[in-house]
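Enquirer: File run_11.txt below, compact mmCIF, C-alpha atoms:
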```txt
# COMPACT_ATOMS: atom_id res chain seq x y z
CA MET A 1 50.32 9.69 -25.04
CA THR A 2 46.74 9.63 -26.23
CA THR A 3 44.72 6.50 -26.76
CA PRO A 4 42.65 5.96 -29.89
CA ALA A 5 38.99 6.79 -29.57
CA GLU A 6 36.71 3.85 -28.90
CA PRO A 7 34.88 2.83 -32.08
CA ALA A 8 31.26 3.96 -32.17
CA SER A 9 30.01 0.39 -32.68
CA ARG A 10 31.80 -0.81 -29.53
CA ARG A 11 30.45 2.12 -27.50
CA SER A 12 26.98 1.30 -28.76
CA ARG A 13 27.25 -2.37 -27.77
CA ARG A 14 28.61 -1.47 -24.32
CA ALA A 15 25.79 0.99 -23.73
CA GLU A 16 23.28 -1.63 -24.85
CA ARG A 17 24.62 -4.08 -22.30
CA THR A 18 24.49 -1.61 -19.38
CA LYS A 19 21.28 0.29 -20.03
CA PRO A 20 18.20 -0.71 -18.04
CA SER A 21 15.27 -2.58 -19.51
CA ARG A 22 12.08 -0.87 -20.63
CA ALA A 23 10.74 -1.48 -17.14
CA GLY A 24 13.49 0.80 -15.80
CA ARG A 25 15.50 -2.04 -14.27
CA ASN A 26 18.81 -3.72 -15.01
CA LEU A 27 17.32 -6.99 -16.24
CA PRO A 28 20.45 -9.24 -16.02
CA ALA A 29 21.15 -8.01 -12.49
CA ALA A 30 17.50 -8.47 -11.53
CA ILE A 31 17.48 -12.06 -12.80
CA ALA A 32 20.77 -12.91 -11.08
CA VAL A 33 19.67 -11.45 -7.73
CA GLY A 34 16.28 -13.15 -8.02
CA VAL A 35 17.86 -16.55 -8.65
CA ILE A 36 20.25 -16.15 -5.70
CA LEU A 37 17.46 -15.15 -3.33
CA LEU A 38 15.21 -17.96 -4.53
CA ALA A 39 18.00 -20.53 -4.11
CA ALA A 40 18.73 -19.32 -0.57
CA VAL A 41 15.06 -19.50 0.46
CA LEU A 42 14.46 -22.93 -1.13
CA ALA A 43 17.65 -24.36 0.41
CA GLY A 44 16.46 -23.26 3.83
CA LEU A 45 12.91 -24.52 3.27
CA PHE A 46 13.85 -28.03 2.19
CA PHE A 47 17.29 -28.70 3.71
CA PHE A 48 18.25 -26.27 6.49
CA PRO A 49 15.21 -25.11 8.52
CA VAL A 50 17.25 -22.84 10.81
CA ALA A 51 18.76 -21.18 7.73
CA PHE A 52 15.24 -20.33 6.54
CA VAL A 53 14.44 -18.76 9.91
CA ALA A 54 17.72 -16.84 9.78
CA THR A 55 16.86 -15.62 6.27
CA VAL A 56 13.53 -14.27 7.53
CA ALA A 57 15.41 -12.52 10.36
CA VAL A 58 17.93 -10.96 7.96
CA PHE A 59 15.17 -9.74 5.65
CA GLY A 60 13.41 -8.27 8.68
CA VAL A 61 16.50 -6.37 9.78
CA PHE A 62 17.14 -4.90 6.34
CA GLY A 63 13.45 -4.16 5.82
CA CYS A 64 13.33 -2.18 9.08
CA TRP A 65 16.53 -0.35 8.14
CA GLU A 66 15.09 0.64 4.77
CA VAL A 67 11.82 1.94 6.17
CA ALA A 68 13.63 3.78 8.98
CA ARG A 69 15.94 5.35 6.39
CA ALA A 70 12.96 6.36 4.25
CA LEU A 71 11.10 7.90 7.21
CA SER A 72 14.12 10.04 8.00
CA VAL A 73 13.16 12.02 4.87
CA ALA A 74 10.07 13.14 6.78
CA ASP A 75 12.18 13.90 9.88
CA VAL A 76 10.86 10.86 11.78
CA ASP A 77 13.49 9.22 13.97
CA VAL A 78 13.20 5.41 14.02
CA PRO A 79 15.96 3.79 16.16
CA ILE A 80 17.30 0.82 14.24
CA VAL A 81 19.02 -1.05 17.13
CA PRO A 82 15.87 -2.16 19.01
CA LEU A 83 14.11 -2.89 15.71
CA ALA A 84 17.01 -5.04 14.53
CA ALA A 85 17.10 -6.91 17.84
CA GLY A 86 13.38 -7.57 17.66
CA SER A 87 13.63 -8.58 13.98
CA VAL A 88 16.02 -11.35 14.96
CA ALA A 89 14.08 -12.40 18.07
CA LEU A 90 10.61 -12.75 16.52
CA PRO A 91 11.21 -15.39 13.82
CA PHE A 92 13.31 -17.53 16.16
CA ALA A 93 10.64 -17.24 18.85
CA ALA A 94 8.03 -18.34 16.33
CA HIS A 95 10.23 -21.25 15.22
CA TYR A 96 11.03 -22.60 18.67
CA GLY A 97 7.95 -21.57 20.65
CA GLY A 98 5.06 -21.14 18.22
CA PRO A 99 2.38 -18.40 18.28
CA GLU A 100 2.54 -17.92 22.06
CA ALA A 101 6.29 -17.28 22.03
CA LEU A 102 5.85 -14.93 19.09
CA GLY A 103 3.32 -12.93 21.10
CA PHE A 104 5.66 -12.65 24.10
CA ALA A 105 8.58 -11.68 21.86
CA LEU A 106 6.43 -9.00 20.20
CA ALA A 107 5.46 -7.51 23.56
CA GLY A 108 9.09 -7.53 24.73
CA ALA A 109 10.27 -5.88 21.52
CA VAL A 110 7.69 -3.09 21.78
CA VAL A 111 8.74 -2.44 25.42
CA LEU A 112 12.37 -2.32 24.27
CA ILE A 113 11.49 0.21 21.55
CA VAL A 114 9.67 2.44 24.05
CA LEU A 115 12.42 2.28 26.66
CA TRP A 116 15.15 2.85 24.09
CA ARG A 117 13.46 5.93 22.66
CA VAL A 118 12.55 7.39 26.09
CA ILE A 119 16.11 6.95 27.38
CA GLU A 120 17.51 8.36 24.13
CA GLY A 121 15.38 11.47 24.61
CA GLY A 122 15.30 14.36 22.18
CA ARG A 123 12.34 15.80 20.35
CA GLY A 124 9.46 13.93 18.74
CA VAL A 125 9.59 10.97 21.15
CA ILE A 126 5.90 10.07 20.84
CA ARG A 127 5.96 10.28 17.06
CA SER A 128 9.16 8.23 16.99
CA ILE A 129 7.72 5.49 19.23
CA THR A 130 4.51 5.35 17.17
CA ALA A 131 6.40 5.11 13.87
CA SER A 132 8.90 2.58 15.23
CA THR A 133 6.12 0.33 16.54
CA GLY A 134 4.30 0.59 13.21
CA VAL A 135 7.44 -0.37 11.28
CA PHE A 136 8.03 -3.29 13.62
CA LEU A 137 4.49 -4.60 13.23
CA TRP A 138 4.62 -4.10 9.46
CA VAL A 139 7.88 -5.89 8.70
CA PRO A 140 9.30 -8.47 11.18
CA PHE A 141 6.03 -9.31 12.94
CA LEU A 142 4.04 -10.02 9.77
CA MET A 143 7.01 -11.83 8.21
CA SER A 144 7.23 -14.14 11.24
CA PHE A 145 3.93 -15.71 10.19
CA ALA A 146 5.90 -17.37 7.39
CA VAL A 147 7.87 -19.15 10.13
CA LEU A 148 4.63 -20.21 11.86
CA LEU A 149 3.38 -21.53 8.52
CA PHE A 150 6.68 -23.34 8.02
CA ALA A 151 6.25 -25.08 11.40
CA ARG A 152 2.97 -26.72 10.36
CA GLU A 153 2.69 -30.17 8.80
CA LYS A 154 4.03 -29.94 5.23
CA GLY A 155 5.04 -26.42 6.16
CA HIS A 156 7.85 -26.27 3.60
CA PHE A 157 5.34 -26.94 0.84
CA MET A 158 2.91 -24.43 2.35
CA VAL A 159 5.51 -21.66 2.33
CA ALA A 160 6.56 -22.64 -1.20
CA THR A 161 2.91 -22.47 -2.28
CA MET A 162 2.51 -19.04 -0.69
CA LEU A 163 5.58 -17.78 -2.57
CA LEU A 164 4.29 -19.31 -5.82
CA LEU A 165 0.98 -17.50 -5.37
CA VAL A 166 2.74 -14.18 -4.74
CA VAL A 167 4.74 -14.69 -7.94
CA ALA A 168 1.54 -15.64 -9.80
CA ASN A 169 -0.16 -12.52 -8.44
CA ASP A 170 2.63 -10.30 -9.78
CA THR A 171 3.08 -12.12 -13.09
CA PHE A 172 -0.55 -12.55 -14.16
CA GLY A 173 -1.50 -9.14 -12.82
CA TYR A 174 1.24 -7.50 -14.87
CA LEU A 175 0.44 -9.42 -18.07
CA ILE A 176 -3.33 -8.93 -17.97
CA GLY A 177 -3.05 -5.37 -16.72
CA ALA A 178 -0.56 -4.41 -19.45
CA PHE A 179 -2.86 -5.61 -22.23
CA PHE A 180 -6.35 -5.04 -20.85
CA GLY A 181 -6.01 -2.68 -17.88
CA LYS A 182 -8.38 0.30 -18.21
CA HIS A 183 -9.85 0.83 -14.75
CA PRO A 184 -7.32 1.85 -12.07
CA MET A 185 -7.74 0.37 -8.60
CA ALA A 186 -6.13 3.22 -6.70
CA PRO A 187 -5.00 5.92 -9.16
CA LYS A 188 -3.63 8.23 -6.46
CA ILE A 189 -1.48 5.47 -4.95
CA SER A 190 -0.52 3.13 -7.81
CA PRO A 191 -1.78 4.42 -11.17
CA LYS A 192 -0.64 1.33 -13.13
CA LYS A 193 -2.54 -1.18 -10.98
CA SER A 194 -5.93 -1.95 -12.55
CA TRP A 195 -9.00 -4.00 -11.71
CA GLU A 196 -8.42 -6.01 -14.87
CA GLY A 197 -4.92 -6.83 -13.65
CA PHE A 198 -6.33 -7.81 -10.26
CA ALA A 199 -8.80 -10.16 -11.95
CA GLY A 200 -5.90 -11.66 -13.90
CA SER A 201 -3.98 -12.12 -10.65
CA VAL A 202 -6.89 -13.94 -9.06
CA GLY A 203 -7.49 -16.18 -12.09
CA GLY A 204 -3.84 -17.07 -12.55
CA ALA A 205 -3.30 -17.65 -8.83
CA ILE A 206 -6.33 -19.96 -8.66
CA LEU A 207 -4.84 -22.15 -11.41
CA VAL A 208 -1.50 -22.27 -9.59
CA ALA A 209 -3.16 -22.90 -6.21
CA ILE A 210 -5.27 -25.79 -7.52
CA GLY A 211 -2.14 -27.43 -8.91
CA ALA A 212 -0.29 -26.85 -5.62
CA ALA A 213 -3.22 -28.19 -3.58
CA VAL A 214 -3.28 -31.44 -5.53
CA PHE A 215 0.42 -32.05 -6.17
CA LEU A 216 2.19 -30.37 -3.23
CA LEU A 217 -0.23 -30.19 -0.31
CA ASP A 218 -2.24 -33.35 -1.00
CA VAL A 219 -5.57 -31.70 -0.20
CA PRO A 220 -8.80 -31.38 -2.23
CA TRP A 221 -8.49 -29.16 -5.30
CA TRP A 222 -11.12 -26.71 -4.06
CA VAL A 223 -8.82 -25.67 -1.20
CA GLY A 224 -6.76 -23.81 -3.79
CA VAL A 225 -9.61 -21.40 -4.59
CA PRO A 226 -10.02 -19.64 -1.20
CA LEU A 227 -6.27 -19.89 -0.62
CA ALA A 228 -5.55 -18.09 -3.90
CA VAL A 229 -8.19 -15.39 -3.37
CA ALA A 230 -7.01 -14.64 0.18
CA THR A 231 -3.33 -14.58 -0.82
CA VAL A 232 -3.89 -12.33 -3.85
CA ALA A 233 -6.05 -9.93 -1.83
CA ALA A 234 -3.42 -9.73 0.90
CA ALA A 235 -0.51 -9.42 -1.53
CA THR A 236 -2.29 -6.62 -3.41
CA ALA A 237 -3.00 -4.80 -0.14
CA GLY A 238 0.68 -5.12 0.79
CA ASP A 239 1.80 -3.74 -2.55
CA LEU A 240 -0.59 -0.79 -2.26
CA ALA A 241 0.49 -0.13 1.33
CA GLU A 242 4.14 0.18 0.36
CA SER A 243 3.25 2.28 -2.69
CA MET A 244 1.29 4.63 -0.42
CA VAL A 245 4.26 5.01 1.93
CA LYS A 246 6.70 5.67 -0.93
CA ARG A 247 4.35 8.15 -2.59
CA GLU A 248 3.85 9.97 0.70
CA LEU A 249 7.62 10.19 1.19
CA GLY A 250 8.30 11.05 -2.46
CA ILE A 251 10.66 8.15 -3.19
CA LYS A 252 10.72 5.56 -6.00
CA ASP A 253 12.43 2.64 -4.23
CA MET A 254 13.06 1.98 -0.55
CA SER A 255 16.79 1.57 -1.32
CA ASN A 256 19.15 0.14 -3.93
CA LEU A 257 20.35 -2.85 -1.90
CA LEU A 258 19.19 -5.38 -4.52
CA PRO A 259 20.51 -4.54 -8.01
CA GLY A 260 17.68 -4.56 -10.52
CA HIS A 261 15.04 -4.83 -7.79
CA GLY A 262 15.40 -1.71 -5.68
CA GLY A 263 15.19 -2.40 -1.97
CA VAL A 264 14.37 -5.42 0.17
CA MET A 265 10.93 -3.99 0.94
CA ASP A 266 10.26 -3.56 -2.77
CA ARG A 267 10.37 -7.37 -2.94
CA LEU A 268 8.76 -8.08 0.43
CA ASP A 269 5.81 -5.70 0.18
CA SER A 270 3.43 -8.44 -1.01
CA ILE A 271 4.93 -11.23 1.10
CA VAL A 272 4.60 -9.47 4.46
CA PHE A 273 0.81 -9.33 4.01
CA ALA A 274 0.51 -12.68 2.24
CA ALA A 275 2.28 -14.64 5.01
CA PRO A 276 -0.31 -14.03 7.78
CA ALA A 277 -3.14 -14.53 5.27
CA ALA A 278 -1.71 -17.90 4.19
CA TYR A 279 -1.19 -18.94 7.82
CA LEU A 280 -4.76 -17.99 8.75
CA MET A 281 -6.13 -19.88 5.74
CA ALA A 282 -4.04 -22.93 6.66
CA VAL A 283 -5.47 -22.93 10.20
CA VAL A 284 -9.06 -22.35 9.07
CA LEU A 285 -9.04 -24.83 6.20
CA THR A 286 -7.29 -27.53 8.26
CA SER A 287 -9.91 -27.10 10.98
CA ALA A 288 -12.75 -27.18 8.45
CA MET A 289 -11.49 -30.35 6.77
CA GLY A 290 -10.90 -31.94 10.19
CA ARG A 291 -14.57 -31.44 11.09
CA ALA A 292 -15.80 -32.69 7.71
```
Any chance you could put this one into structure tokens?
Expert:
Amino acid sequence: MTTPAEPASRRSRRAERTKPSRAGRNLPAAIAVGVILLAAVLAGLFFFPVAFVATVAVFGVFGCWEVARALSVADVDVPIVPLAAGSVALPFAAHYGGPEALGFALAGAVVLIVLWRVIEGGRGVIRSITASTGVFLWVPFLMSFAVLLFAREKGHFMVATMLLLVVANDTFGYLIGAFFGKHPMAPKISPKKSWEGFAGSVGGAILVAIGAAVFLLDVPWWVGVPLAVATVAAATAGDLAESMVKRELGIKDMSNLLPGHGGVMDRLDSIVFAAPAAYLMAVVLTSAMGRA
């Protein structure tokens, strides 16, 4: 028994609902995933500190897995087990022991990576150890600075401010770059990123940072200016770094773990560089205001 053909109007509406946006993404899925991730991070920041640390650890594990998977395209073996173990250890070490414990955990994780790969044997051991250590430093180590920032006085507001500035960097950079972008920053790495967009990112982030300095951090307004400039510079460098890796490997997204977003690293690329920059600025500016 045959079923009647689906009316053309219904097929058209169904296709309209499922087709990606002009940006090449599934917009409803992207919004839903973004809201869920934001809710999880904010809940940890303001209500369940250990949950925030665990979230950083989970992101570190999946970030390492994605980069290891991408490097396999270039026949580089990155063992995921020692990287995953270190990705869990580092943020908890930073949370419970501070910078010193983070340093010890980093050293232990690198030793574990070397021993694991030497015992595993096979070809390309040196290249594998070098790549594995680079991935580990890039993802879980840099992300752990968000935990160090979180541990400071008003740390939950500091991390929230850092995330707001990363969002401002992306949003204002996209808007200004789309309308006025004419001079590419790095055409061979990210052709759509322009100096005009970067200027828009800096200007928009400064406005957001001044508001955050006054209303969230309770510090002088001018603190928002260097904080915004440093965060935008770091976030842009992180975005370009991931774009360079993907272009070198010939891939568009690190994975498809997050519907509408691509991979975890496609969302963390700016944050992994912004976190240590924000932590350093917090230390420097706190020291400067303490001496004033």
Enquirer: Tell me which of A:Glu120, A:Cys64, A:Thr161, A:Pro82 sits closest to Leu42 (chain A), counting only C-alpha atoms.
Expert: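 Looking at the shortest contact to Leu42 (chain A), the residue is A:Thr161.
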Enquirer: With distances taken over all atoms listed in the file, which residue among A:Leu268, A:Met281, A:Gly177, A:Val76 lies nearest Val225 (chain A)?
Expert: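 With all atoms listed in the file as the atom set, the closest residue is A:Met281.
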Enquirer: Around region 52-66 of chain A, fit a box with edges along x, y and z, padding it by 3 Å on each side, then list its centre and edge lengths in Å to one decimal as AutoDock Vina command-line options.
Expert:
```
--center_x 15.6 --center_y -9.8 --center_z 7.6 --size_x 10.6 --size_y 27.0 --size_z 11.6
```
Enquirer: Write out as an mmCIF file with C-alpha atoms, in the frame of the given file each polymer residue whose atoms come within 12 Å of Thr236 (chain A), counting all atoms listed in the file; drop sequence neighbours fewer than 4 positions from it.
Expert:
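The result, written out as around.cif:
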```cif
data_model
loop_
_atom_site.group_PDB
_atom_site.id
_atom_site.type_symbol
_atom_site.label_atom_id
_atom_site.label_comp_id
_atom_site.auth_asym_id
_atom_site.auth_seq_id
_atom_site.Cartn_x
_atom_site.Cartn_y
_atom_site.Cartn_z
ATOM 1 C CA LEU A 165 0.980 -17.500 -5.370
ATOM 2 C CA VAL A 166 2.740 -14.180 -4.740
ATOM 3 C CA VAL A 167 4.740 -14.690 -7.940
ATOM 4 C CA ALA A 168 1.540 -15.640 -9.800
ATOM 5 C CA ASN A 169 -0.160 -12.520 -8.440
ATOM 6 C CA ASP A 170 2.630 -10.300 -9.780
ATOM 7 C CA GLY A 173 -1.500 -9.140 -12.820
ATOM 8 C CA MET A 185 -7.740 0.370 -8.600
ATOM 9 C CA ALA A 186 -6.130 3.220 -6.700
ATOM 10 C CA SER A 190 -0.520 3.130 -7.810
ATOM 11 C CA LYS A 193 -2.540 -1.180 -10.980
ATOM 12 C CA SER A 194 -5.930 -1.950 -12.550
ATOM 13 C CA TRP A 195 -9.000 -4.000 -11.710
ATOM 14 C CA GLY A 197 -4.920 -6.830 -13.650
ATOM 15 C CA PHE A 198 -6.330 -7.810 -10.260
ATOM 16 C CA ALA A 199 -8.800 -10.160 -11.950
ATOM 17 C CA SER A 201 -3.980 -12.120 -10.650
ATOM 18 C CA VAL A 202 -6.890 -13.940 -9.060
ATOM 19 C CA ALA A 228 -5.550 -18.090 -3.900
ATOM 20 C CA VAL A 229 -8.190 -15.390 -3.370
ATOM 21 C CA ALA A 230 -7.010 -14.640 0.180
ATOM 22 C CA THR A 231 -3.330 -14.580 -0.820
ATOM 23 C CA VAL A 232 -3.890 -12.330 -3.850
ATOM 24 C CA LEU A 240 -0.590 -0.790 -2.260
ATOM 25 C CA ALA A 241 0.490 -0.130 1.330
ATOM 26 C CA GLU A 242 4.140 0.180 0.360
ATOM 27 C CA SER A 243 3.250 2.280 -2.690
ATOM 28 C CA LEU A 268 8.760 -8.080 0.430
ATOM 29 C CA ASP A 269 5.810 -5.700 0.180
ATOM 30 C CA SER A 270 3.430 -8.440 -1.010
ATOM 31 C CA ILE A 271 4.930 -11.230 1.100
ATOM 32 C CA VAL A 272 4.600 -9.470 4.460
ATOM 33 C CA PHE A 273 0.810 -9.330 4.010
ATOM 34 C CA ALA A 274 0.510 -12.680 2.240
ATOM 35 C CA ALA A 277 -3.140 -14.530 5.270
#
```
Enquirer: In terms of the shortest atom-to-atom distance over all atoms listed in the file, which of A:Ala105, A:Val78, A:Met162, A:Leu280 is closest to Val125 (chain A)?
Expert: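 Of the candidates, the smallest distance to Val125 (chain A) is held by A:Val78.
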Enquirer: Selecting all heavy atoms, how would region 147-158 of chain A from this structure be written as a compact mmCIF listing (two decimals), in the first residue's frame?
Expert:
```
# COMPACT_ATOMS: atom_id res chain seq x y z
N VAL A 147 40.38 28.51 36.98
CA VAL A 147 40.16 28.04 38.35
C VAL A 147 40.96 28.90 39.33
O VAL A 147 40.49 29.24 40.42
CB VAL A 147 40.53 26.55 38.49
CG1 VAL A 147 40.33 26.07 39.91
CG2 VAL A 147 39.71 25.71 37.52
N LEU A 148 42.20 29.25 38.96
CA LEU A 148 43.00 30.15 39.81
C LEU A 148 42.31 31.50 39.94
O LEU A 148 42.30 32.10 41.03
CB LEU A 148 44.40 30.32 39.23
CG LEU A 148 45.32 29.10 39.21
CD1 LEU A 148 46.66 29.46 38.58
CD2 LEU A 148 45.52 28.54 40.60
N LEU A 149 41.76 32.00 38.85
CA LEU A 149 41.03 33.27 38.90
C LEU A 149 39.81 33.15 39.79
O LEU A 149 39.49 34.06 40.56
CB LEU A 149 40.63 33.67 37.47
CG LEU A 149 39.95 35.02 37.29
CD1 LEU A 149 40.90 36.16 37.66
CD2 LEU A 149 39.47 35.18 35.84
N PHE A 150 39.14 32.02 39.69
CA PHE A 150 37.94 31.76 40.49
C PHE A 150 38.26 31.75 41.99
O PHE A 150 37.43 32.13 42.82
CB PHE A 150 37.34 30.42 40.06
CG PHE A 150 36.09 30.01 40.77
CD1 PHE A 150 35.01 30.87 40.86
CD2 PHE A 150 35.99 28.76 41.34
CE1 PHE A 150 33.84 30.49 41.52
CE2 PHE A 150 34.83 28.37 42.00
CZ PHE A 150 33.76 29.24 42.09
N ALA A 151 39.47 31.34 42.35
CA ALA A 151 39.86 31.22 43.75
C ALA A 151 40.17 32.57 44.39
O ALA A 151 40.27 32.67 45.62
CB ALA A 151 41.07 30.30 43.89
N ARG A 152 40.32 33.62 43.60
CA ARG A 152 40.63 34.93 44.15
C ARG A 152 39.39 35.57 44.77
O ARG A 152 38.26 35.10 44.57
CB ARG A 152 41.21 35.85 43.06
CG ARG A 152 42.53 35.34 42.48
CD ARG A 152 43.08 36.31 41.46
NE ARG A 152 43.45 37.58 42.05
CZ ARG A 152 44.59 37.83 42.68
NH1 ARG A 152 45.51 36.89 42.80
NH2 ARG A 152 44.86 39.02 43.18
N GLU A 153 39.61 36.66 45.53
CA GLU A 153 38.47 37.38 46.10
C GLU A 153 37.57 37.88 44.96
O GLU A 153 38.05 38.42 43.97
CB GLU A 153 38.97 38.56 46.93
CG GLU A 153 37.87 39.31 47.65
CD GLU A 153 38.40 40.48 48.46
OE1 GLU A 153 39.64 40.70 48.47
OE2 GLU A 153 37.59 41.18 49.08
N LYS A 154 36.27 37.67 45.12
CA LYS A 154 35.29 37.97 44.07
C LYS A 154 35.60 37.21 42.79
O LYS A 154 35.33 37.69 41.68
CB LYS A 154 35.22 39.47 43.80
CG LYS A 154 34.70 40.29 44.96
CD LYS A 154 34.48 41.74 44.56
CE LYS A 154 33.89 42.54 45.72
NZ LYS A 154 33.66 43.95 45.37
N GLY A 155 36.17 36.02 42.96
CA GLY A 155 36.58 35.24 41.81
C GLY A 155 35.43 34.86 40.89
O GLY A 155 35.61 34.78 39.67
N HIS A 156 34.24 34.61 41.46
CA HIS A 156 33.11 34.24 40.59
C HIS A 156 32.75 35.39 39.67
O HIS A 156 32.42 35.18 38.50
CB HIS A 156 31.91 33.81 41.44
CG HIS A 156 31.50 34.78 42.49
ND1 HIS A 156 32.35 35.23 43.48
CD2 HIS A 156 30.32 35.38 42.74
CE1 HIS A 156 31.72 36.06 44.27
NE2 HIS A 156 30.49 36.19 43.84
N PHE A 157 32.84 36.63 40.18
CA PHE A 157 32.57 37.78 39.32
C PHE A 157 33.71 38.01 38.33
O PHE A 157 33.48 38.48 37.21
CB PHE A 157 32.35 39.03 40.16
CG PHE A 157 31.01 39.10 40.83
CD1 PHE A 157 30.90 39.28 42.19
CD2 PHE A 157 29.85 38.97 40.09
CE1 PHE A 157 29.66 39.34 42.81
CE2 PHE A 157 28.60 39.03 40.69
CZ PHE A 157 28.51 39.21 42.06
N MET A 158 34.94 37.68 38.72
CA MET A 158 36.07 37.83 37.81
C MET A 158 35.95 36.88 36.62
O MET A 158 36.19 37.26 35.47
CB MET A 158 37.39 37.58 38.55
CG MET A 158 37.76 38.67 39.53
SD MET A 158 39.39 38.36 40.28
CE MET A 158 39.56 39.82 41.31
```
